Amino acid sequence: MQLPLQLSEEQIALQDEAKKFAVNEIRPVSRELDRDSTFPKELLKKAHSLGLVNLFQAEELGGTGLNLLSSCIVIEELAAGCAGVTTSIVANDLALIPIALHGTEEQKKKFIEPVCTKGSFASFCLSEPGAGSDAAGISCQLTKDGDNYILNGQKQWITNGGVASQYTVFATLDRDKRHKAICCVAVPADTPGITTGHHEDKLGQRCSNTTTVTFENVTVPGANLIGGEGNGFRVAMETLDLTRPMTAIIAVGIARAAFEYSCEYAQERKQFSQPIGSFQAIQFLLADMATNIDAARLLTHRSACLLDAGKSASLESSMAKRFSADMGMEVTTNAVQVFGGYGYTKEYPVEKLMRDAKLMQIYEGTSQIQRLVIAREILR
Ligand code: CAA
């Protein structure tokens with residue numbers, strides 16, 4: 001496996017298209033979406049019509065059919081426009097990848113194709129009020145009932161929860177058996193017994209729709225079981241191995257935006273009769289930002305290339321996610337520092353980037369969980 005250090009012509013074209021969309025369509029509305037915590041439905045419809053959603057899903061099922069590396073190249077550009085919008089986009093792939101990896105051909109047609117072709121939303125439902133980092137400790141209950149299952153329980157922090165047409169739900173046949181009893185099921189959102197909570201009023205990525213999803217005696221046909229009984233935990237972990245590079249690159253996009261704004265500002269803003277960029281205090285901040293953004297992108301592209309080559313890459317995926325998320329927080333915090341008092345106000349874009357960056361250290365496995373995965377892999 002060789003890490004391509006130069007993008008192909010096709011990747012450059014994809015990057016340009018995503019950048020154009022981010023600059024012309026996302027950035028002009030991102031402040032307002034953030035202020036009002038508005039889910040960007042129309043914007044996402046447009047992104048879908050341009051092939052910027054369901055990036056990793058097969059073309060024959062209505063997806064864009066990109067590999068992971070090309071998906072990451074697109075996602076970085078979108079995230080430099082607005083991370084909240086991008087999280088809403090990436091959440092679809094997160095929800096569909098379990099089915100793409102472990103679904104039968106019939107299940108892929110039934111559960112991936114309609115979401116991709118109609119441009120609707122899907123949600124990955126793993127976390128619960130009492131089970132976040134401890135994913136094997138989930139308590140959503142799946143009970144056998146003839147050819148069907150009955151699903152009961154609540155999911156929390158569900159991206160696209162209130163707008164999804166379909167949920168990919170992880171639930172247990174027997175909580176005491178932890179990961180050995182977890183199952184993955186595809187559940188259409190219009191199934192009787194499903195209710196969603198309010199759009200969470202979050203610190204950052206405020207436009208992305210995050211809700212609870214509650215299942216009360218929901219009938220799930222046995223045909224909706226993805227990957228077999230008791231295999232749900234493996235389905236979830238393999239999915240997260242694949243999506244952590246996508247999440248890592250969102251952090252890279254956020255950090256890059258903060259870095260670019262900082263460079264511009266450092267050349268414009270004068271103190272002591274000179275642009276502040278002429279002082280080493282600022283130059284060193286910018287130098288570290290540039291270096292760390294590149295390092296995060298390289299780690300992320302490496303994990304994507306490994307996964308594209310069909311190799312297992314839990315270690316590299318977690319390294320990319322851990323480094324990029326922490327880097328994103330540091331870079332955006334320093335960007336606020338470069339802007340000084342102005343950076344602390346909503347008049348300038350960097351405070352939003354800092355708020356958006358914080359979530360990267362929390363969702364899809366906290367930075368601490370990534371360290372745990374990394375340590376286990378290196379000591380194995
Ligand atoms: N691939 C395949 N199998 C895996 C695996 C992987 N990457 N990781 C673990 N497994 C298997 C193990 O081999 C083991 O199988 P056996 O019993 O056959 O040996 C089994 O799964 C259990 O593994 P562990 O003993 O390692 O399980 P654990 O309980 O110690 O948990 C963990 C491991 C890494 C902490 C895991 O719970 C985890 O990743 N937690 C974080 C959860 C997370 O990322 N949540 C994010 C939710 S999604 C989200 O945020 C989305 C959103 O909406 C934005």
# chains A, B, ... in the order shown; residues from 1 in each chain; ligands from 1
>>> residues_near_ligand(ligand="ligand 1", cutoff="7 Å", atoms="only C-alpha atoms and all ligand atoms", output="VMD selection string")
chain A and resid 87 91 124 126 to 127 132 to 136 157 to 159 179 to 180 233 to 234 237 to 238 240 to 241 314 363 to 366 369 372 to 373
>>> write_last_selection(atoms="C-alpha atoms", output="short mmCIF file (atom, residue, chain, number, x, y, z; two decimals), in the first residue's frame")
data_model
loop_
_atom_site.label_atom_id
_atom_site.label_comp_id
_atom_site.auth_asym_id
_atom_site.auth_seq_id
_atom_site.Cartn_x
_atom_site.Cartn_y
_atom_site.Cartn_z
CA THR A 87 -21.78 16.10 10.00
CA ALA A 91 -24.11 10.74 9.23
CA PHE A 124 -26.78 5.41 13.13
CA LEU A 126 -25.76 3.20 18.91
CA SER A 127 -25.37 5.58 21.88
CA GLY A 132 -21.80 6.14 25.26
CA SER A 133 -18.15 5.07 25.39
CA ASP A 134 -19.24 1.64 26.67
CA ALA A 135 -21.00 0.62 23.47
CA ALA A 136 -21.29 -3.02 24.55
CA TRP A 157 -27.14 11.91 20.55
CA ILE A 158 -28.53 10.64 17.28
CA THR A 159 -27.35 12.71 14.34
CA HIS A 179 -21.34 -7.55 22.92
CA LYS A 180 -22.21 -11.20 22.24
CA PHE A 233 -21.16 -5.16 17.94
CA ARG A 234 -18.71 -6.28 15.28
CA MET A 237 -16.94 -1.53 15.32
CA GLU A 238 -16.10 -2.30 11.68
CA LEU A 240 -16.54 2.97 13.06
CA ASP A 241 -13.13 1.83 11.76
CA SER A 314 -8.43 0.07 13.63
CA TYR A 363 -18.46 11.96 18.91
CA GLU A 364 -17.65 8.71 17.10
CA GLY A 365 -15.52 7.74 20.07
CA THR A 366 -13.92 10.31 22.37
CA ILE A 369 -11.54 5.93 23.61
CA LEU A 372 -7.67 3.01 24.41
CA VAL A 373 -8.04 1.41 20.97
#
>>> select_by_dssp(residues="segment 92-181 of chain A", states="alpha helix (DSSP H)", output="ChimeraX atom specification")
/A:92-102,105-111,113-118
>>> write_last_selection(atoms="N, CA and C atoms", output="PDB file, in the first residue's frame")
ATOM      1  N   ASN A  92     -25.150  10.143   7.101  1.00  0.00           N
ATOM      2  CA  ASN A  92     -25.831   9.201   6.198  1.00  0.00           C
ATOM      3  C   ASN A  92     -24.939   8.012   5.884  1.00  0.00           C
ATOM      4  N   ASP A  93     -23.676   8.293   5.543  1.00  0.00           N
ATOM      5  CA  ASP A  93     -22.764   7.174   5.271  1.00  0.00           C
ATOM      6  C   ASP A  93     -22.594   6.309   6.514  1.00  0.00           C
ATOM      7  N   LEU A  94     -22.490   6.961   7.674  1.00  0.00           N
ATOM      8  CA  LEU A  94     -22.344   6.207   8.931  1.00  0.00           C
ATOM      9  C   LEU A  94     -23.512   5.234   9.126  1.00  0.00           C
ATOM     10  N   ALA A  95     -24.711   5.673   8.792  1.00  0.00           N
ATOM     11  CA  ALA A  95     -25.895   4.813   8.978  1.00  0.00           C
ATOM     12  C   ALA A  95     -25.983   3.723   7.910  1.00  0.00           C
ATOM     13  N   LEU A  96     -25.450   4.000   6.727  1.00  0.00           N
ATOM     14  CA  LEU A  96     -25.606   3.031   5.630  1.00  0.00           C
ATOM     15  C   LEU A  96     -24.449   2.034   5.547  1.00  0.00           C
ATOM     16  N   ILE A  97     -23.294   2.398   6.081  1.00  0.00           N
ATOM     17  CA  ILE A  97     -22.129   1.505   5.984  1.00  0.00           C
ATOM     18  C   ILE A  97     -22.372   0.136   6.653  1.00  0.00           C
ATOM     19  N   PRO A  98     -23.059   0.061   7.818  1.00  0.00           N
ATOM     20  CA  PRO A  98     -23.316  -1.280   8.381  1.00  0.00           C
ATOM     21  C   PRO A  98     -24.033  -2.174   7.374  1.00  0.00           C
ATOM     22  N   ILE A  99     -24.951  -1.587   6.614  1.00  0.00           N
ATOM     23  CA  ILE A  99     -25.726  -2.373   5.639  1.00  0.00           C
ATOM     24  C   ILE A  99     -24.843  -2.691   4.427  1.00  0.00           C
ATOM     25  N   ALA A 100     -24.033  -1.712   4.015  1.00  0.00           N
ATOM     26  CA  ALA A 100     -23.130  -1.937   2.874  1.00  0.00           C
ATOM     27  C   ALA A 100     -22.127  -3.043   3.203  1.00  0.00           C
ATOM     28  N   LEU A 101     -21.678  -3.093   4.466  1.00  0.00           N
ATOM     29  CA  LEU A 101     -20.672  -4.090   4.858  1.00  0.00           C
ATOM     30  C   LEU A 101     -21.282  -5.466   5.095  1.00  0.00           C
ATOM     31  N   HIS A 102     -22.444  -5.494   5.744  1.00  0.00           N
ATOM     32  CA  HIS A 102     -22.963  -6.785   6.209  1.00  0.00           C
ATOM     33  C   HIS A 102     -24.348  -7.150   5.684  1.00  0.00           C
ATOM     34  N   GLU A 105     -27.662  -8.701  -0.589  1.00  0.00           N
ATOM     35  CA  GLU A 105     -27.960  -7.863  -1.762  1.00  0.00           C
ATOM     36  C   GLU A 105     -29.377  -7.300  -1.653  1.00  0.00           C
ATOM     37  N   GLU A 106     -30.293  -8.137  -1.189  1.00  0.00           N
ATOM     38  CA  GLU A 106     -31.686  -7.709  -1.050  1.00  0.00           C
ATOM     39  C   GLU A 106     -31.809  -6.564  -0.021  1.00  0.00           C
ATOM     40  N   GLN A 107     -31.092  -6.707   1.094  1.00  0.00           N
ATOM     41  CA  GLN A 107     -31.146  -5.657   2.129  1.00  0.00           C
ATOM     42  C   GLN A 107     -30.534  -4.352   1.624  1.00  0.00           C
ATOM     43  N   LYS A 108     -29.462  -4.467   0.833  1.00  0.00           N
ATOM     44  CA  LYS A 108     -28.834  -3.244   0.297  1.00  0.00           C
ATOM     45  C   LYS A 108     -29.822  -2.512  -0.600  1.00  0.00           C
ATOM     46  N   LYS A 109     -30.522  -3.278  -1.443  1.00  0.00           N
ATOM     47  CA  LYS A 109     -31.509  -2.673  -2.354  1.00  0.00           C
ATOM     48  C   LYS A 109     -32.650  -2.041  -1.561  1.00  0.00           C
ATOM     49  N   LYS A 110     -33.037  -2.730  -0.502  1.00  0.00           N
ATOM     50  CA  LYS A 110     -34.198  -2.268   0.270  1.00  0.00           C
ATOM     51  C   LYS A 110     -33.867  -1.072   1.182  1.00  0.00           C
ATOM     52  N   PHE A 111     -32.636  -1.065   1.744  1.00  0.00           N
ATOM     53  CA  PHE A 111     -32.362  -0.050   2.758  1.00  0.00           C
ATOM     54  C   PHE A 111     -31.351   1.026   2.334  1.00  0.00           C
ATOM     55  N   GLU A 113     -30.641   1.829  -1.230  1.00  0.00           N
ATOM     56  CA  GLU A 113     -31.049   2.498  -2.474  1.00  0.00           C
ATOM     57  C   GLU A 113     -32.079   3.612  -2.266  1.00  0.00           C
ATOM     58  N   PRO A 114     -33.170   3.368  -1.493  1.00  0.00           N
ATOM     59  CA  PRO A 114     -34.156   4.445  -1.355  1.00  0.00           C
ATOM     60  C   PRO A 114     -33.577   5.701  -0.687  1.00  0.00           C
ATOM     61  N   VAL A 115     -32.717   5.506   0.310  1.00  0.00           N
ATOM     62  CA  VAL A 115     -32.126   6.670   0.993  1.00  0.00           C
ATOM     63  C   VAL A 115     -31.273   7.465  -0.004  1.00  0.00           C
ATOM     64  N   CYS A 116     -30.493   6.751  -0.801  1.00  0.00           N
ATOM     65  CA  CYS A 116     -29.604   7.427  -1.753  1.00  0.00           C
ATOM     66  C   CYS A 116     -30.388   8.085  -2.887  1.00  0.00           C
ATOM     67  N   THR A 117     -31.353   7.378  -3.446  1.00  0.00           N
ATOM     68  CA  THR A 117     -32.026   7.938  -4.621  1.00  0.00           C
ATOM     69  C   THR A 117     -32.991   9.061  -4.235  1.00  0.00           C
ATOM     70  N   LYS A 118     -33.642   8.930  -3.079  1.00  0.00           N
ATOM     71  CA  LYS A 118     -34.612   9.978  -2.698  1.00  0.00           C
ATOM     72  C   LYS A 118     -33.937  11.175  -2.029  1.00  0.00           C
TER      73      LYS A 118
END
>>> closest_residue(among="A:Gly328, A:Phe279, A:Lys358, A:Leu315", to="Arg376 of chain A", atoms="only C-alpha atoms")
A:Leu315
>>> residues_around(residues="Asp34 of chain A", least_positions_apart="6", cutoff="12 Å", atoms="only C-alpha atoms", output="PDB file with all heavy atoms, in the first residue's frame")
ATOM      1  N   ILE A  26     -22.329  26.955   1.223  1.00  0.00           N
ATOM      2  CA  ILE A  26     -22.361  26.684   2.676  1.00  0.00           C
ATOM      3  C   ILE A  26     -21.945  27.908   3.492  1.00  0.00           C
ATOM      4  O   ILE A  26     -22.666  28.350   4.386  1.00  0.00           O
ATOM      5  CB  ILE A  26     -21.469  25.470   3.048  1.00  0.00           C
ATOM      6  CG1 ILE A  26     -21.918  24.197   2.297  1.00  0.00           C
ATOM      7  CG2 ILE A  26     -21.501  25.234   4.550  1.00  0.00           C
ATOM      8  CD1 ILE A  26     -21.103  22.944   2.617  1.00  0.00           C
ATOM      9  N   ARG A  27     -20.782  28.467   3.146  1.00  0.00           N
ATOM     10  CA  ARG A  27     -20.262  29.573   3.985  1.00  0.00           C
ATOM     11  C   ARG A  27     -21.220  30.750   4.120  1.00  0.00           C
ATOM     12  O   ARG A  27     -21.376  31.273   5.228  1.00  0.00           O
ATOM     13  CB  ARG A  27     -18.908  30.055   3.453  1.00  0.00           C
ATOM     14  CG  ARG A  27     -17.783  29.230   4.043  1.00  0.00           C
ATOM     15  CD  ARG A  27     -16.503  30.007   4.191  1.00  0.00           C
ATOM     16  NE  ARG A  27     -15.502  29.093   4.768  1.00  0.00           N
ATOM     17  CZ  ARG A  27     -14.208  29.177   4.564  1.00  0.00           C
ATOM     18  NH1 ARG A  27     -13.718  30.117   3.794  1.00  0.00           N
ATOM     19  NH2 ARG A  27     -13.399  28.314   5.132  1.00  0.00           N
ATOM     20  N   PRO A  28     -21.882  31.169   3.029  1.00  0.00           N
ATOM     21  CA  PRO A  28     -22.763  32.344   3.181  1.00  0.00           C
ATOM     22  C   PRO A  28     -23.889  32.149   4.193  1.00  0.00           C
ATOM     23  O   PRO A  28     -24.403  33.126   4.733  1.00  0.00           O
ATOM     24  CB  PRO A  28     -23.330  32.546   1.767  1.00  0.00           C
ATOM     25  CG  PRO A  28     -22.363  31.866   0.850  1.00  0.00           C
ATOM     26  CD  PRO A  28     -21.770  30.730   1.623  1.00  0.00           C
ATOM     27  N   PRO A  40     -30.208  22.379   7.880  1.00  0.00           N
ATOM     28  CA  PRO A  40     -30.153  22.953   6.516  1.00  0.00           C
ATOM     29  C   PRO A  40     -30.739  22.036   5.445  1.00  0.00           C
ATOM     30  O   PRO A  40     -30.035  21.586   4.537  1.00  0.00           O
ATOM     31  CB  PRO A  40     -28.643  23.147   6.306  1.00  0.00           C
ATOM     32  CG  PRO A  40     -28.023  22.060   7.121  1.00  0.00           C
ATOM     33  CD  PRO A  40     -28.923  21.807   8.291  1.00  0.00           C
ATOM     34  N   CYS A  82     -18.642  24.352   6.668  1.00  0.00           N
ATOM     35  CA  CYS A  82     -19.357  24.284   7.954  1.00  0.00           C
ATOM     36  C   CYS A  82     -19.374  22.837   8.432  1.00  0.00           C
ATOM     37  O   CYS A  82     -19.848  21.936   7.717  1.00  0.00           O
ATOM     38  CB  CYS A  82     -20.787  24.801   7.821  1.00  0.00           C
ATOM     39  SG  CYS A  82     -21.758  24.594   9.345  1.00  0.00           S
ATOM     40  N   ALA A  83     -18.885  22.625   9.637  1.00  0.00           N
ATOM     41  CA  ALA A  83     -18.804  21.263  10.169  1.00  0.00           C
ATOM     42  C   ALA A  83     -20.188  20.693  10.476  1.00  0.00           C
ATOM     43  O   ALA A  83     -20.411  19.491  10.330  1.00  0.00           O
ATOM     44  CB  ALA A  83     -17.942  21.241  11.424  1.00  0.00           C
ATOM     45  N   GLY A  84     -21.107  21.543  10.890  1.00  0.00           N
ATOM     46  CA  GLY A  84     -22.453  21.058  11.220  1.00  0.00           C
ATOM     47  C   GLY A  84     -23.141  20.494   9.982  1.00  0.00           C
ATOM     48  O   GLY A  84     -23.755  19.420  10.026  1.00  0.00           O
ATOM     49  N   VAL A  85     -23.024  21.221   8.880  1.00  0.00           N
ATOM     50  CA  VAL A  85     -23.599  20.755   7.613  1.00  0.00           C
ATOM     51  C   VAL A  85     -22.931  19.436   7.222  1.00  0.00           C
ATOM     52  O   VAL A  85     -23.588  18.468   6.815  1.00  0.00           O
ATOM     53  CB  VAL A  85     -23.401  21.823   6.505  1.00  0.00           C
ATOM     54  CG1 VAL A  85     -23.795  21.272   5.144  1.00  0.00           C
ATOM     55  CG2 VAL A  85     -24.178  23.097   6.822  1.00  0.00           C
ATOM     56  N   ASP A 201     -29.871  21.739  21.753  1.00  0.00           N
ATOM     57  CA  ASP A 201     -29.310  23.092  21.674  1.00  0.00           C
ATOM     58  C   ASP A 201     -27.834  22.975  22.050  1.00  0.00           C
ATOM     59  O   ASP A 201     -27.472  23.036  23.214  1.00  0.00           O
ATOM     60  CB  ASP A 201     -30.083  23.958  22.678  1.00  0.00           C
ATOM     61  CG  ASP A 201     -29.760  25.416  22.547  1.00  0.00           C
ATOM     62  OD1 ASP A 201     -29.035  25.778  21.604  1.00  0.00           O
ATOM     63  OD2 ASP A 201     -30.235  26.196  23.398  1.00  0.00           O
ATOM     64  N   LYS A 202     -26.975  22.789  21.039  1.00  0.00           N
ATOM     65  CA  LYS A 202     -25.589  22.403  21.299  1.00  0.00           C
ATOM     66  C   LYS A 202     -24.624  23.601  21.312  1.00  0.00           C
ATOM     67  O   LYS A 202     -24.935  24.668  20.802  1.00  0.00           O
ATOM     68  CB  LYS A 202     -25.120  21.388  20.239  1.00  0.00           C
ATOM     69  CG  LYS A 202     -26.037  20.161  20.106  1.00  0.00           C
ATOM     70  CD  LYS A 202     -25.421  19.086  19.231  1.00  0.00           C
ATOM     71  CE  LYS A 202     -25.255  19.472  17.780  1.00  0.00           C
ATOM     72  NZ  LYS A 202     -26.525  19.622  17.049  1.00  0.00           N
ATOM     73  N   LEU A 203     -23.437  23.350  21.850  1.00  0.00           N
ATOM     74  CA  LEU A 203     -22.374  24.371  21.863  1.00  0.00           C
ATOM     75  C   LEU A 203     -21.923  24.684  20.435  1.00  0.00           C
ATOM     76  O   LEU A 203     -21.777  25.840  20.050  1.00  0.00           O
ATOM     77  CB  LEU A 203     -21.181  23.832  22.674  1.00  0.00           C
ATOM     78  CG  LEU A 203     -19.907  24.680  22.695  1.00  0.00           C
ATOM     79  CD1 LEU A 203     -20.097  25.935  23.541  1.00  0.00           C
ATOM     80  CD2 LEU A 203     -18.720  23.879  23.229  1.00  0.00           C
ATOM     81  N   GLY A 204     -21.673  23.634  19.660  1.00  0.00           N
ATOM     82  CA  GLY A 204     -21.205  23.820  18.280  1.00  0.00           C
ATOM     83  C   GLY A 204     -21.924  22.869  17.347  1.00  0.00           C
ATOM     84  O   GLY A 204     -22.767  22.077  17.785  1.00  0.00           O
ATOM     85  N   GLN A 205     -21.589  22.973  16.068  1.00  0.00           N
ATOM     86  CA  GLN A 205     -22.251  22.157  15.037  1.00  0.00           C
ATOM     87  C   GLN A 205     -23.754  22.196  15.273  1.00  0.00           C
ATOM     88  O   GLN A 205     -24.451  21.170  15.256  1.00  0.00           O
ATOM     89  CB  GLN A 205     -21.705  20.732  15.037  1.00  0.00           C
ATOM     90  CG  GLN A 205     -20.196  20.706  14.861  1.00  0.00           C
ATOM     91  CD  GLN A 205     -19.650  19.432  14.282  1.00  0.00           C
ATOM     92  OE1 GLN A 205     -20.354  18.631  13.685  1.00  0.00           O
ATOM     93  NE2 GLN A 205     -18.343  19.237  14.419  1.00  0.00           N
ATOM     94  N   ARG A 206     -24.225  23.420  15.511  1.00  0.00           N
ATOM     95  CA  ARG A 206     -25.598  23.608  16.006  1.00  0.00           C
ATOM     96  C   ARG A 206     -26.662  23.285  14.963  1.00  0.00           C
ATOM     97  O   ARG A 206     -27.798  22.990  15.316  1.00  0.00           O
ATOM     98  CB  ARG A 206     -25.753  25.045  16.518  1.00  0.00           C
ATOM     99  CG  ARG A 206     -24.985  25.294  17.809  1.00  0.00           C
ATOM    100  CD  ARG A 206     -24.912  26.767  18.163  1.00  0.00           C
ATOM    101  NE  ARG A 206     -26.200  27.445  18.163  1.00  0.00           N
ATOM    102  CZ  ARG A 206     -27.136  27.308  19.098  1.00  0.00           C
ATOM    103  NH1 ARG A 206     -26.906  26.508  20.131  1.00  0.00           N
ATOM    104  NH2 ARG A 206     -28.263  27.972  19.012  1.00  0.00           N
ATOM    105  N   CYS A 207     -26.294  23.376  13.680  1.00  0.00           N
ATOM    106  CA  CYS A 207     -27.330  23.117  12.673  1.00  0.00           C
ATOM    107  C   CYS A 207     -27.543  21.619  12.458  1.00  0.00           C
ATOM    108  O   CYS A 207     -28.570  21.210  11.928  1.00  0.00           O
ATOM    109  CB  CYS A 207     -27.003  23.817  11.369  1.00  0.00           C
ATOM    110  SG  CYS A 207     -25.668  23.064  10.428  1.00  0.00           S
ATOM    111  N   SER A 208     -26.584  20.791  12.862  1.00  0.00           N
ATOM    112  CA  SER A 208     -26.788  19.356  12.675  1.00  0.00           C
ATOM    113  C   SER A 208     -27.865  18.912  13.666  1.00  0.00           C
ATOM    114  O   SER A 208     -27.897  19.366  14.810  1.00  0.00           O
ATOM    115  CB  SER A 208     -25.494  18.572  12.869  1.00  0.00           C
ATOM    116  OG  SER A 208     -25.158  18.493  14.223  1.00  0.00           O
ATOM    117  N   ASN A 209     -28.754  18.064  13.174  1.00  0.00           N
ATOM    118  CA  ASN A 209     -29.908  17.656  13.968  1.00  0.00           C
ATOM    119  C   ASN A 209     -29.520  16.501  14.887  1.00  0.00           C
ATOM    120  O   ASN A 209     -29.186  15.417  14.422  1.00  0.00           O
ATOM    121  CB  ASN A 209     -31.041  17.259  13.003  1.00  0.00           C
ATOM    122  CG  ASN A 209     -32.290  16.790  13.714  1.00  0.00           C
ATOM    123  OD1 ASN A 209     -32.509  15.593  13.883  1.00  0.00           O
ATOM    124  ND2 ASN A 209     -33.110  17.719  14.139  1.00  0.00           N
ATOM    125  N   LYS A 346     -18.850  37.041  17.941  1.00  0.00           N
ATOM    126  CA  LYS A 346     -19.501  36.359  16.818  1.00  0.00           C
ATOM    127  C   LYS A 346     -19.366  37.167  15.524  1.00  0.00           C
ATOM    128  O   LYS A 346     -19.850  36.751  14.473  1.00  0.00           O
ATOM    129  CB  LYS A 346     -20.961  36.092  17.162  1.00  0.00           C
ATOM    130  CG  LYS A 346     -21.121  35.025  18.245  1.00  0.00           C
ATOM    131  CD  LYS A 346     -22.531  34.503  18.290  1.00  0.00           C
ATOM    132  CE  LYS A 346     -22.813  33.399  19.263  1.00  0.00           C
ATOM    133  NZ  LYS A 346     -21.852  32.757  20.052  1.00  0.00           N
ATOM    134  N   PRO A 349     -15.306  34.686  12.302  1.00  0.00           N
ATOM    135  CA  PRO A 349     -15.719  33.283  12.170  1.00  0.00           C
ATOM    136  C   PRO A 349     -15.020  32.291  13.108  1.00  0.00           C
ATOM    137  O   PRO A 349     -15.456  31.150  13.209  1.00  0.00           O
ATOM    138  CB  PRO A 349     -15.344  32.952  10.719  1.00  0.00           C
ATOM    139  CG  PRO A 349     -14.248  33.896  10.373  1.00  0.00           C
ATOM    140  CD  PRO A 349     -14.470  35.138  11.177  1.00  0.00           C
ATOM    141  N   GLU A 351     -14.598  31.914  16.433  1.00  0.00           N
ATOM    142  CA  GLU A 351     -15.198  31.348  17.666  1.00  0.00           C
ATOM    143  C   GLU A 351     -16.114  30.180  17.321  1.00  0.00           C
ATOM    144  O   GLU A 351     -16.190  29.193  18.046  1.00  0.00           O
ATOM    145  CB  GLU A 351     -15.880  32.421  18.530  1.00  0.00           C
ATOM    146  CG  GLU A 351     -17.073  33.151  17.905  1.00  0.00           C
ATOM    147  CD  GLU A 351     -18.368  32.385  17.958  1.00  0.00           C
ATOM    148  OE1 GLU A 351     -18.604  31.688  18.947  1.00  0.00           O
ATOM    149  OE2 GLU A 351     -19.158  32.497  16.983  1.00  0.00           O
ATOM    150  N   LYS A 352     -16.811  30.289  16.174  1.00  0.00           N
ATOM    151  CA  LYS A 352     -17.692  29.171  15.759  1.00  0.00           C
ATOM    152  C   LYS A 352     -16.847  27.928  15.465  1.00  0.00           C
ATOM    153  O   LYS A 352     -17.213  26.809  15.847  1.00  0.00           O
ATOM    154  CB  LYS A 352     -18.504  29.558  14.518  1.00  0.00           C
ATOM    155  CG  LYS A 352     -19.276  28.373  13.912  1.00  0.00           C
ATOM    156  CD  LYS A 352     -20.029  28.765  12.655  1.00  0.00           C
ATOM    157  CE  LYS A 352     -20.831  27.611  12.064  1.00  0.00           C
ATOM    158  NZ  LYS A 352     -20.021  26.524  11.516  1.00  0.00           N
ATOM    159  N   LEU A 353     -15.705  28.159  14.827  1.00  0.00           N
ATOM    160  CA  LEU A 353     -14.847  27.011  14.490  1.00  0.00           C
ATOM    161  C   LEU A 353     -14.370  26.319  15.764  1.00  0.00           C
ATOM    162  O   LEU A 353     -14.292  25.086  15.834  1.00  0.00           O
ATOM    163  CB  LEU A 353     -13.675  27.470  13.627  1.00  0.00           C
ATOM    164  CG  LEU A 353     -14.088  27.986  12.232  1.00  0.00           C
ATOM    165  CD1 LEU A 353     -12.927  28.682  11.544  1.00  0.00           C
ATOM    166  CD2 LEU A 353     -14.619  26.851  11.364  1.00  0.00           C
ATOM    167  N   ARG A 355     -15.944  26.278  18.651  1.00  0.00           N
ATOM    168  CA  ARG A 355     -17.079  25.527  19.228  1.00  0.00           C
ATOM    169  C   ARG A 355     -17.333  24.253  18.425  1.00  0.00           C
ATOM    170  O   ARG A 355     -17.590  23.195  18.989  1.00  0.00           O
ATOM    171  CB  ARG A 355     -18.340  26.412  19.251  1.00  0.00           C
ATOM    172  CG  ARG A 355     -18.284  27.520  20.290  1.00  0.00           C
ATOM    173  CD  ARG A 355     -19.597  28.280  20.385  1.00  0.00           C
ATOM    174  NE  ARG A 355     -19.822  29.209  19.284  1.00  0.00           N
ATOM    175  CZ  ARG A 355     -20.715  29.041  18.311  1.00  0.00           C
ATOM    176  NH1 ARG A 355     -21.499  27.987  18.294  1.00  0.00           N
ATOM    177  NH2 ARG A 355     -20.861  29.953  17.359  1.00  0.00           N
ATOM    178  N   ASP A 356     -17.254  24.389  17.096  1.00  0.00           N
ATOM    179  CA  ASP A 356     -17.485  23.209  16.240  1.00  0.00           C
ATOM    180  C   ASP A 356     -16.425  22.136  16.479  1.00  0.00           C
ATOM    181  O   ASP A 356     -16.722  20.937  16.475  1.00  0.00           O
ATOM    182  CB  ASP A 356     -17.448  23.604  14.751  1.00  0.00           C
ATOM    183  CG  ASP A 356     -18.676  24.394  14.314  1.00  0.00           C
ATOM    184  OD1 ASP A 356     -19.647  24.464  15.089  1.00  0.00           O
ATOM    185  OD2 ASP A 356     -18.661  24.932  13.193  1.00  0.00           O
TER     186      ASP A 356
END
>>> closest_residue(among="A:Asn152, A:Thr239, A:Ser139, A:Thr247", to="Ala79 of chain A", atoms="only C-alpha atoms")
A:Thr247
>>> closest_residue(among="A:Val163, A:Ile374, A:Ile254, A:Ala281", to="Glu330 of chain A", atoms="only C-alpha atoms")
A:Ile254
>>> atom_distance(atom1="atom CA of Met289 of chain A", atom2="atom CA of Phe259 of chain A")
6.5 Å
>>> closest_residue(among="A:Asp145, A:Glu377, A:Glu10, A:Glu264", to="Asn217 of chain A", atoms="only C-alpha atoms")
A:Asp145
>>> residues_around(residues="Ser262 of chain A", least_positions_apart="5", cutoff="12 Å", atoms="only C-alpha atoms", output="ChimeraX atom specification")
/A:255-257,267-269,276-277,282-283,285-287,289-290,331-340,342-343,348-351,353
>>> closest_residue(among="A:Asn224, A:Gln15, A:Ser303, A:Gln166", to="Leu52 of chain A", atoms="only C-alpha atoms")
A:Gln15
>>> closest_residue(among="A:Cys72, A:Leu61, A:Ile112, A:Ala80", to="Leu298 of chain A", atoms="only C-alpha atoms")
A:Cys72
>>> select_by_dssp(residues="segment 89-161 of chain A", states="strand (DSSP E)", output="VMD selection string")
chain A and resid 121 to 125 141 to 145 148 to 159
